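Dumped final.cif below, it's mmCIF, C-alpha atoms:
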data_data
#
loop_
_atom_site.label_atom_id
_atom_site.label_comp_id
_atom_site.auth_asym_id
_atom_site.auth_seq_id
_atom_site.Cartn_x
_atom_site.Cartn_y
_atom_site.Cartn_z
CA MET A 1 73.38 -54.39 60.06
CA ASN A 2 71.13 -54.24 57.00
CA SER A 3 68.19 -53.72 59.31
CA ALA A 4 69.87 -50.75 60.96
CA ARG A 5 70.67 -49.18 57.55
CA GLN A 6 67.05 -49.58 56.47
CA GLU A 7 65.89 -47.80 59.62
CA LEU A 8 68.37 -44.97 58.91
CA ASP A 9 67.32 -44.60 55.23
CA ALA A 10 63.53 -44.43 55.88
CA PRO A 11 63.45 -40.83 57.21
CA THR A 12 65.73 -39.73 54.37
CA LYS A 13 63.37 -41.17 51.77
CA LEU A 14 60.40 -39.49 53.44
CA VAL A 15 62.08 -36.08 53.38
CA GLY A 16 62.96 -36.54 49.70
CA PHE A 17 59.37 -37.45 48.84
CA VAL A 18 57.99 -34.35 50.60
CA VAL A 19 60.53 -32.11 48.87
CA GLY A 20 59.57 -33.58 45.48
CA ILE A 21 55.86 -32.94 46.06
CA ALA A 22 56.60 -29.35 47.09
CA PHE A 23 58.69 -28.81 43.97
CA LEU A 24 55.94 -30.11 41.68
CA PHE A 25 53.36 -27.85 43.40
CA LEU A 26 55.56 -24.74 42.97
CA ALA A 27 56.24 -25.65 39.35
CA ALA A 28 52.53 -25.97 38.68
CA LEU A 29 51.88 -22.54 40.17
CA PHE A 30 54.66 -21.04 38.03
CA VAL A 31 53.36 -22.60 34.79
CA GLY A 32 49.76 -21.67 35.57
CA ASP A 33 50.78 -18.07 36.21
CA LYS A 34 52.48 -17.95 32.81
CA ILE A 35 49.77 -19.55 30.67
CA GLY A 36 46.60 -18.88 32.67
CA PRO A 37 45.84 -15.30 31.59
CA ASP A 38 46.58 -16.09 27.94
CA ALA A 39 44.25 -19.06 28.01
CA GLN A 40 41.49 -16.99 29.62
CA ALA A 41 42.02 -14.23 27.08
CA THR A 42 41.85 -16.75 24.24
CA ALA A 43 38.61 -18.19 25.59
CA ALA A 44 37.11 -14.74 26.01
CA ALA A 45 38.15 -13.74 22.50
CA SER A 46 36.67 -16.93 21.11
CA HIS A 47 33.36 -16.28 22.91
CA THR A 48 33.26 -12.67 21.77
CA GLY A 49 33.98 -13.67 18.20
CA HIS A 50 31.18 -16.25 18.31
CA ASP A 51 28.71 -13.67 19.57
CA ALA A 52 29.79 -11.21 16.90
CA HIS A 53 29.42 -13.91 14.26
CA ASP A 54 25.92 -14.72 15.49
CA ALA A 55 24.95 -11.04 15.45
CA HIS A 56 26.37 -10.61 11.97
CA ASP A 57 24.50 -13.64 10.66
CA GLU A 58 21.18 -12.66 12.24
CA PRO A 59 18.57 -12.82 9.46
CA ALA A 60 16.92 -9.63 8.31
CA ALA A 61 13.25 -9.06 9.10
CA VAL A 62 10.84 -10.62 6.61
CA PRO A 63 8.79 -7.98 4.74
CA ALA A 64 5.12 -7.75 5.68
CA GLY A 65 2.54 -9.95 4.00
CA LEU A 66 4.83 -12.78 2.94
CA GLN A 67 3.86 -15.04 5.84
CA ALA A 68 0.57 -16.54 6.98
CA THR A 69 1.93 -16.68 10.54
CA GLN A 70 3.80 -14.00 12.49
CA ASP A 71 4.37 -13.54 16.23
CA GLY A 72 2.05 -16.48 16.85
CA TYR A 73 -0.89 -15.02 14.89
CA THR A 74 -2.14 -16.94 11.85
CA LEU A 75 -4.42 -16.06 8.93
CA GLU A 76 -6.63 -19.07 8.13
CA LEU A 77 -8.90 -19.03 5.06
CA ASP A 78 -11.93 -21.32 5.27
CA ARG A 79 -11.47 -22.05 1.56
CA SER A 80 -8.34 -21.42 -0.50
CA VAL A 81 -10.00 -22.32 -3.84
CA VAL A 82 -13.23 -20.62 -4.92
CA GLU A 83 -15.28 -20.35 -8.10
CA SER A 84 -15.23 -17.13 -10.10
CA GLY A 85 -18.00 -14.59 -9.75
CA PRO A 86 -18.82 -10.94 -9.05
CA GLU A 87 -19.61 -11.46 -5.34
CA VAL A 88 -17.75 -14.51 -4.07
CA PRO A 89 -18.10 -15.10 -0.31
CA VAL A 90 -14.76 -15.39 1.49
CA THR A 91 -14.43 -16.17 5.20
CA PHE A 92 -11.38 -16.42 7.45
CA THR A 93 -10.14 -16.15 11.02
CA ILE A 94 -7.08 -14.72 12.70
CA SER A 95 -5.91 -17.18 15.36
CA GLU A 96 -3.97 -16.16 18.46
CA PRO A 97 -0.78 -17.85 19.70
CA ASP A 98 -2.89 -20.21 21.84
CA GLY A 99 -4.92 -21.28 18.78
CA SER A 100 -8.14 -19.45 19.67
CA ALA A 101 -9.73 -16.94 17.30
CA LEU A 102 -8.65 -13.35 17.87
CA THR A 103 -11.60 -11.15 18.85
CA ASP A 104 -9.92 -8.07 20.34
CA TYR A 105 -8.52 -5.56 17.84
CA ASP A 106 -7.33 -1.98 18.00
CA VAL A 107 -9.04 0.36 15.55
CA MET A 108 -6.57 1.44 12.86
CA HIS A 109 -7.56 3.98 10.21
CA THR A 110 -11.19 3.75 11.41
CA GLU A 111 -11.33 -0.06 11.00
CA GLU A 112 -10.36 -3.16 12.99
CA LEU A 113 -9.03 -4.97 9.93
CA HIS A 114 -8.15 -4.00 6.36
CA LEU A 115 -8.26 -6.72 3.71
CA ILE A 116 -6.23 -6.06 0.55
CA VAL A 117 -6.82 -8.38 -2.40
CA VAL A 118 -4.80 -8.37 -5.63
CA ARG A 119 -4.34 -10.80 -8.48
CA ARG A 120 -0.80 -12.14 -8.81
CA ASP A 121 -0.10 -10.00 -11.88
CA LEU A 122 -0.98 -6.92 -9.76
CA THR A 123 -4.34 -6.33 -11.44
CA ASP A 124 -7.83 -6.49 -9.90
CA PHE A 125 -6.92 -4.61 -6.73
CA GLN A 126 -9.54 -4.52 -3.96
CA HIS A 127 -9.51 -2.91 -0.52
CA VAL A 128 -12.41 -4.09 1.60
CA HIS A 129 -13.42 -4.18 5.25
CA PRO A 130 -14.94 -7.52 6.27
CA THR A 131 -17.39 -7.94 9.12
CA ARG A 132 -16.54 -10.03 12.19
CA ASP A 133 -18.95 -12.19 14.17
CA ALA A 134 -18.75 -12.90 17.90
CA SER A 135 -16.69 -16.06 17.32
CA GLY A 136 -13.95 -14.11 15.53
CA ARG A 137 -14.75 -15.22 11.96
CA TRP A 138 -14.46 -12.53 9.30
CA SER A 139 -16.60 -12.53 6.14
CA THR A 140 -16.80 -10.46 2.97
CA ALA A 141 -17.72 -10.73 -0.73
CA LEU A 142 -15.04 -10.26 -3.39
CA ASP A 143 -15.20 -9.49 -7.10
CA LEU A 144 -13.36 -12.50 -8.56
CA ILE A 145 -14.65 -12.56 -12.12
CA ARG A 146 -11.17 -13.03 -13.59
CA PRO A 147 -9.54 -16.40 -12.82
CA GLY A 148 -6.02 -16.77 -11.48
CA PRO A 149 -3.99 -16.74 -8.27
CA TYR A 150 -4.82 -13.98 -5.79
CA ARG A 151 -2.99 -12.74 -2.72
CA LEU A 152 -4.92 -11.64 0.36
CA PHE A 153 -3.40 -9.35 2.98
CA ALA A 154 -4.98 -8.96 6.42
CA ASP A 155 -3.69 -5.76 8.02
CA PHE A 156 -4.61 -5.47 11.73
CA THR A 157 -3.40 -4.71 15.25
CA PRO A 158 -4.23 -7.00 18.19
CA THR A 159 -5.40 -4.98 21.18
CA GLY A 160 -2.33 -3.60 22.93
CA GLY A 161 0.02 -5.25 20.39
CA GLU A 162 1.99 -4.36 17.28
CA ASN A 163 0.59 -3.93 13.79
CA ILE A 164 0.73 -7.14 11.73
CA THR A 165 0.10 -7.91 8.06
CA LEU A 166 -0.47 -11.57 7.20
CA GLY A 167 -0.82 -13.04 3.70
CA ALA A 168 -2.63 -16.00 2.17
CA GLU A 169 -3.15 -17.44 -1.32
CA LEU A 170 -6.59 -17.69 -2.91
CA THR A 171 -7.05 -19.46 -6.25
CA VAL A 172 -9.82 -18.91 -8.78
CA PRO A 173 -9.61 -21.78 -11.31
CA GLY A 174 -9.75 -20.95 -15.00
CA ASP A 175 -7.76 -19.53 -17.88
CA TYR A 176 -5.19 -17.29 -16.21
CA ARG A 177 -3.47 -14.86 -18.58
CA PRO A 178 -1.21 -12.54 -16.59
CA GLN A 179 -0.89 -8.96 -17.80
CA PRO A 180 2.60 -7.50 -18.30
CA LEU A 181 3.73 -4.62 -16.11
CA SER A 182 5.12 -1.38 -17.49
CA ALA A 183 7.12 0.27 -14.70
CA GLN A 184 7.96 3.95 -14.85
CA PRO A 185 11.06 5.33 -13.11
CA LEU A 186 10.48 8.14 -10.63
CA SER A 187 14.10 9.18 -10.34
CA THR A 188 14.44 10.90 -13.72
CA GLN A 189 12.54 14.05 -12.77
CA PRO A 190 12.85 16.60 -9.95
CA PRO A 191 10.83 15.60 -6.88
CA SER A 192 8.29 18.37 -7.49
CA THR A 193 7.61 17.35 -11.10
CA PRO A 194 4.73 14.91 -11.71
CA ASN A 195 6.03 12.20 -14.02
CA VAL A 196 3.60 9.28 -13.58
CA THR A 197 -0.08 9.65 -14.38
CA SER A 198 -3.12 7.48 -13.71
CA ARG A 199 -6.64 8.11 -15.00
CA VAL A 200 -9.73 6.73 -13.28
CA ASP A 201 -13.43 7.61 -13.45
CA GLY A 202 -12.79 11.01 -15.03
CA TYR A 203 -10.01 11.92 -12.57
CA THR A 204 -6.35 12.40 -13.42
CA VAL A 205 -3.90 11.56 -10.64
CA MET A 206 -0.27 12.62 -11.04
CA LEU A 207 2.52 11.18 -8.91
CA ALA A 208 5.76 13.04 -8.17
CA GLY A 209 8.82 12.19 -6.05
CA ALA A 210 11.54 9.55 -6.31
CA VAL A 211 11.37 6.31 -4.30
CA THR A 212 14.78 5.16 -3.03
CA ALA A 213 15.41 1.75 -1.48
CA GLY A 214 16.13 1.75 2.25
CA GLU A 215 14.98 5.33 2.76
CA ASN A 216 11.79 7.07 3.81
CA SER A 217 10.78 8.58 0.47
CA THR A 218 8.03 11.16 0.10
CA VAL A 219 5.70 10.91 -2.88
CA SER A 220 3.06 13.50 -3.74
CA LEU A 221 -0.17 12.75 -5.57
CA THR A 222 -2.11 15.57 -7.23
CA ILE A 223 -5.72 15.01 -8.26
CA ASP A 224 -7.78 16.91 -10.82
CA GLN A 225 -11.17 16.35 -12.43
CA ASN A 226 -11.86 17.47 -15.99
CA GLY A 227 -8.81 19.70 -15.90
CA ARG A 228 -9.62 21.37 -12.57
CA GLU A 229 -7.76 20.69 -9.35
CA VAL A 230 -9.75 18.85 -6.69
CA THR A 231 -9.46 20.80 -3.43
CA ASP A 232 -12.36 19.24 -1.54
CA LEU A 233 -11.32 15.62 -1.03
CA GLU A 234 -13.27 13.87 1.71
CA PRO A 235 -11.65 11.91 4.54
CA TYR A 236 -11.24 8.22 3.76
CA LEU A 237 -10.03 5.92 6.53
CA GLY A 238 -9.10 8.92 8.63
CA ALA A 239 -7.05 10.69 5.94
CA TYR A 240 -7.43 12.33 2.53
CA GLY A 241 -6.13 9.23 0.84
CA HIS A 242 -4.94 5.68 1.51
CA LEU A 243 -1.94 4.28 -0.37
CA VAL A 244 -0.95 0.61 -0.66
CA ALA A 245 2.40 -0.44 -2.16
CA LEU A 246 3.34 -3.97 -3.23
CA ARG A 247 6.72 -5.24 -4.48
CA ALA A 248 6.19 -6.89 -7.86
CA ASP A 249 8.64 -9.79 -7.45
CA ASP A 250 7.07 -11.38 -4.38
CA LEU A 251 4.11 -9.14 -3.44
CA ALA A 252 5.76 -7.92 -0.25
CA TYR A 253 3.40 -5.46 1.46
CA LEU A 254 4.73 -2.01 2.31
CA HIS A 255 3.35 0.11 5.11
CA VAL A 256 2.76 3.57 3.68
CA HIS A 257 1.90 6.50 5.93
CA PRO A 258 -0.08 9.60 4.88
CA GLU A 259 1.22 12.98 5.92
CA ASP A 260 -1.02 15.71 7.34
CA GLY A 261 -2.19 18.27 4.84
CA PRO A 262 -5.17 20.06 3.28
CA PRO A 263 -7.99 18.23 1.41
CA GLY A 264 -6.29 18.35 -1.96
CA PRO A 265 -5.31 18.78 -4.61
CA THR A 266 -2.04 17.21 -3.37
CA VAL A 267 -1.73 14.35 -0.87
CA ASP A 268 1.70 13.32 0.45
CA PHE A 269 2.80 9.88 1.63
CA THR A 270 5.97 8.39 3.10
CA VAL A 271 7.06 5.19 1.34
CA ASP A 272 9.73 2.84 2.70
CA ALA A 273 10.82 0.49 -0.09
CA PRO A 274 13.11 -2.29 1.24
CA THR A 275 14.83 -2.93 -2.11
CA ALA A 276 15.19 -1.42 -5.54
CA GLY A 277 12.86 -2.77 -8.19
CA THR A 278 9.30 -2.62 -9.47
CA TYR A 279 6.42 -1.67 -7.19
CA ALA A 280 2.69 -1.28 -7.72
CA LEU A 281 0.99 1.61 -5.92
CA TYR A 282 -2.75 1.91 -5.35
CA LEU A 283 -4.26 5.18 -4.15
CA ASP A 284 -7.77 5.18 -2.67
CA PHE A 285 -9.36 8.63 -2.41
CA GLN A 286 -12.90 9.81 -1.78
CA HIS A 287 -14.65 12.67 -3.58
CA GLN A 288 -18.35 13.53 -3.65
CA GLY A 289 -19.17 10.44 -1.62
CA VAL A 290 -17.48 7.94 -3.93
CA VAL A 291 -14.18 6.09 -3.39
CA HIS A 292 -11.89 5.82 -6.44
CA THR A 293 -8.65 3.87 -6.91
CA ALA A 294 -5.74 5.15 -8.99
CA GLU A 295 -3.07 2.61 -9.92
CA PHE A 296 0.64 3.17 -10.64
CA THR A 297 3.61 0.96 -11.46
CA ILE A 298 6.95 2.53 -10.57
CA GLU A 299 10.63 1.66 -10.39
CA ALA A 300 12.39 2.30 -7.08
CA GLN A 301 16.05 3.24 -7.38
CA GLU A 302 19.08 1.92 -5.49
CA GLY A 303 19.96 3.66 -2.24
CA GLY A 304 23.23 5.46 -1.62
CA ALA A 305 26.23 3.81 -0.01
#
Just give me the structure as structure tokens.
Amino acid sequence: MNSARQELDAPTKLVGFVVGIAFLFLAALFVGDKIGPDAQATAAASHTGHDAHDAHDEPAAVPAGLQATQDGYTLELDRSVVESGPEVPVTFTISEPDGSALTDYDVMHTEELHLIVVRRDLTDFQHVHPTRDASGRWSTALDLIRPGPYRLFADFTPTGGENITLGAELTVPGDYRPQPLSAQPLSTQPPSTPNVTSRVDGYTVMLAGAVTAGENSTVSLTIDQNGREVTDLEPYLGAYGHLVALRADDLAYLHVHPEDGPPGPTVDFTVDAPTAGTYALYLDFQHQGVVHTAEFTIEAQEGGA
């Protein structure tokens, strides 16, 4: 009799098991329908927030001239310590991302490469154009009579590439006595009023126009000689003047662009200062076959909100 009851109960147990499995499956579908979209939305929101955080934390671009390597190109001095002298030989190479010496350059302002040299206290400014041999090594002679730390800036454009400015340190051993800077604010006068003056080789150069951080600021430089305006400037590096700007705190190199205009007495430039603070400006201009350099120290003002 027990055997017969067991045979009768077996199908009943099987049906109950199948019903239980079906119930669990339907319950899972119901729960998944309720929580699935929310979970997906939460995951999507988390991913979006992560991307936004990454974008927000993306570092700002490093100003030009503060690095020896950029975009795979490297400035390599053959010697970083040299003895003082009026014509000190300096040689260097620009290496490509694959390590080979760069030999293909675009011409920029009539030259393949511009070498800017300045002592750390922003004195002894030099703008020279080295010569390159077939192997890619550049060479020049620098006036390094005064000892101290110097910063070299190689400004160039690889053929078909973007303009790059690389920096390197050069040391001249000896008694280094840095000279103090005396910055002059440009924001206290109307833009058309010259309020900073530099005198060099019998020329008086007056600078007008405020420099504001984070903006393209226009500065105008007017040149006269012995009290008479110079209206016959000669082209230098493809323009009637070449202006270099350096931030005093770290010697960041600013790209300054000349604006088209007549050969004097006023030459305009667009200056893009990344921050407020003290800047040194060096104007190269050519007159009667001779290149002269006027130097200024200015204070750039804070930008608007």
Which residues are close to Asp71 (chain A), i.e. within 10 Å by all atoms listed in the file, leaving aside same-chain residues fewer than 3 positions away? Reply as an MDAnalysis selection string. chainID A and resid 74 96:97 162 164
Can you spell out as a short mmCIF file (atom, residue, chain, number, x, y, z; two decimals) with C-alpha atoms, keeping the file's coordinate frame the set of residues that the PyMOL selection byres ((chain A and resi 301) around 7) selects in the structure I just provided?
data_model
loop_
_atom_site.label_atom_id
_atom_site.label_comp_id
_atom_site.auth_asym_id
_atom_site.auth_seq_id
_atom_site.Cartn_x
_atom_site.Cartn_y
_atom_site.Cartn_z
CA SER A 187 14.10 9.18 -10.34
CA VAL A 211 11.37 6.31 -4.30
CA THR A 212 14.78 5.16 -3.03
CA ALA A 213 15.41 1.75 -1.48
CA ALA A 276 15.19 -1.42 -5.54
CA GLY A 277 12.86 -2.77 -8.19
CA GLU A 299 10.63 1.66 -10.39
CA ALA A 300 12.39 2.30 -7.08
CA GLU A 302 19.08 1.92 -5.49
CA GLY A 303 19.96 3.66 -2.24
#
Applying 6 Å and all atoms listed in the file, which residues near Thr204 (chain A) remain after dropping the ones on its own chain fewer than 3 positions away? List them as a list in words.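 Near neighbours after the sequence-gap exclusion: Ser198, Arg199, Ile223 and Asp224 of chain A.
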Compare A:Val88, A:Tyr236, A:Val128, A:Gly65 by their minimum atom-to-atom distance to Val290 (chain A), counting only C-alpha atoms, and give me the closest one.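 Going through A:Val88, A:Tyr236, A:Val128, A:Gly65 one by one, the smallest distance to Val290 (chain A) is for A:Tyr236.
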Can you list what the PyMOL selection byres ((chain A and resi 72) around 12) grabs from this structure, as a ChimeraX atom specification? /A:67-71,73-75,94-102,158,161,164,166
For the file shown, report as a PDB file with C-alpha atoms, in the coordinates of the input the outcome of the PyMOL selection byres ((chain A and resi 154) around 6) at residue level.
ATOM      1  CA  HIS A 114      -8.150  -4.000   6.360  1.00  0.00           C
ATOM      2  CA  LEU A 115      -8.260  -6.720   3.710  1.00  0.00           C
ATOM      3  CA  PHE A 153      -3.400  -9.350   2.980  1.00  0.00           C
ATOM      4  CA  ASP A 155      -3.690  -5.760   8.020  1.00  0.00           C
ATOM      5  CA  THR A 165       0.100  -7.910   8.060  1.00  0.00           C
ATOM      6  CA  LEU A 166      -0.470 -11.570   7.200  1.00  0.00           C
TER       7      LEU A 166
END
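Around region 259-263 of chain A, within 7 Å and counting only C-alpha atoms, the residues found are Thr231, Asp232, Leu233, Glu234, Tyr240, Val267, Asp268 and Phe269 of chain A, once anything fewer than 4 positions away on its own chain is removed.
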Dump as a PDB file, in the coordinates of the input, selection limited to C-alpha atoms:
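Output contents, as saved in out27.pdb:
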ATOM      1  CA  THR A 231      -9.460  20.800  -3.430  1.00  0.00           C
ATOM      2  CA  ASP A 232     -12.360  19.240  -1.540  1.00  0.00           C
ATOM      3  CA  LEU A 233     -11.320  15.620  -1.030  1.00  0.00           C
ATOM      4  CA  GLU A 234     -13.270  13.870   1.710  1.00  0.00           C
ATOM      5  CA  TYR A 240      -7.430  12.330   2.530  1.00  0.00           C
ATOM      6  CA  VAL A 267      -1.730  14.350  -0.870  1.00  0.00           C
ATOM      7  CA  ASP A 268       1.700  13.320   0.450  1.00  0.00           C
ATOM      8  CA  PHE A 269       2.800   9.880   1.630  1.00  0.00           C
TER       9      PHE A 269
END
Kindly give the distance, in Å, that separates CA of Thr110 (chain A) and CA of Ala64 (chain A), rounded to a single decimal.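 Going from CA of Thr110 (chain A) over to CA of Ala64 (chain A), I get 20.8 Å.
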Expressed in Å to a single decimal, how great is the separation between CA of Glu295 (chain A) and CA of Leu243 (chain A)?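 About the pair CA of Glu295 (chain A) and CA of Leu243 (chain A): they are 9.8 Å apart.
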I want to know what sits within 8 Å of Ser217 (chain A), based on only C-alpha atoms, with residues of the same chain fewer than 4 positions away left out; could you give that as number ranges by chain? A: 209-212, 270-272
With all atoms listed in the file as the basis for distance, which of A:Val256, A:Tyr282, A:Asp250, A:Gly167 is at the shortest distance from His127 (chain A)? A:Tyr282
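Counting only C-alpha atoms and comparing A:Ser84, A:Ala245, A:Glu111, A:Gln126, the residue that lies closest to Pro147 (chain A) is A:Ser84.
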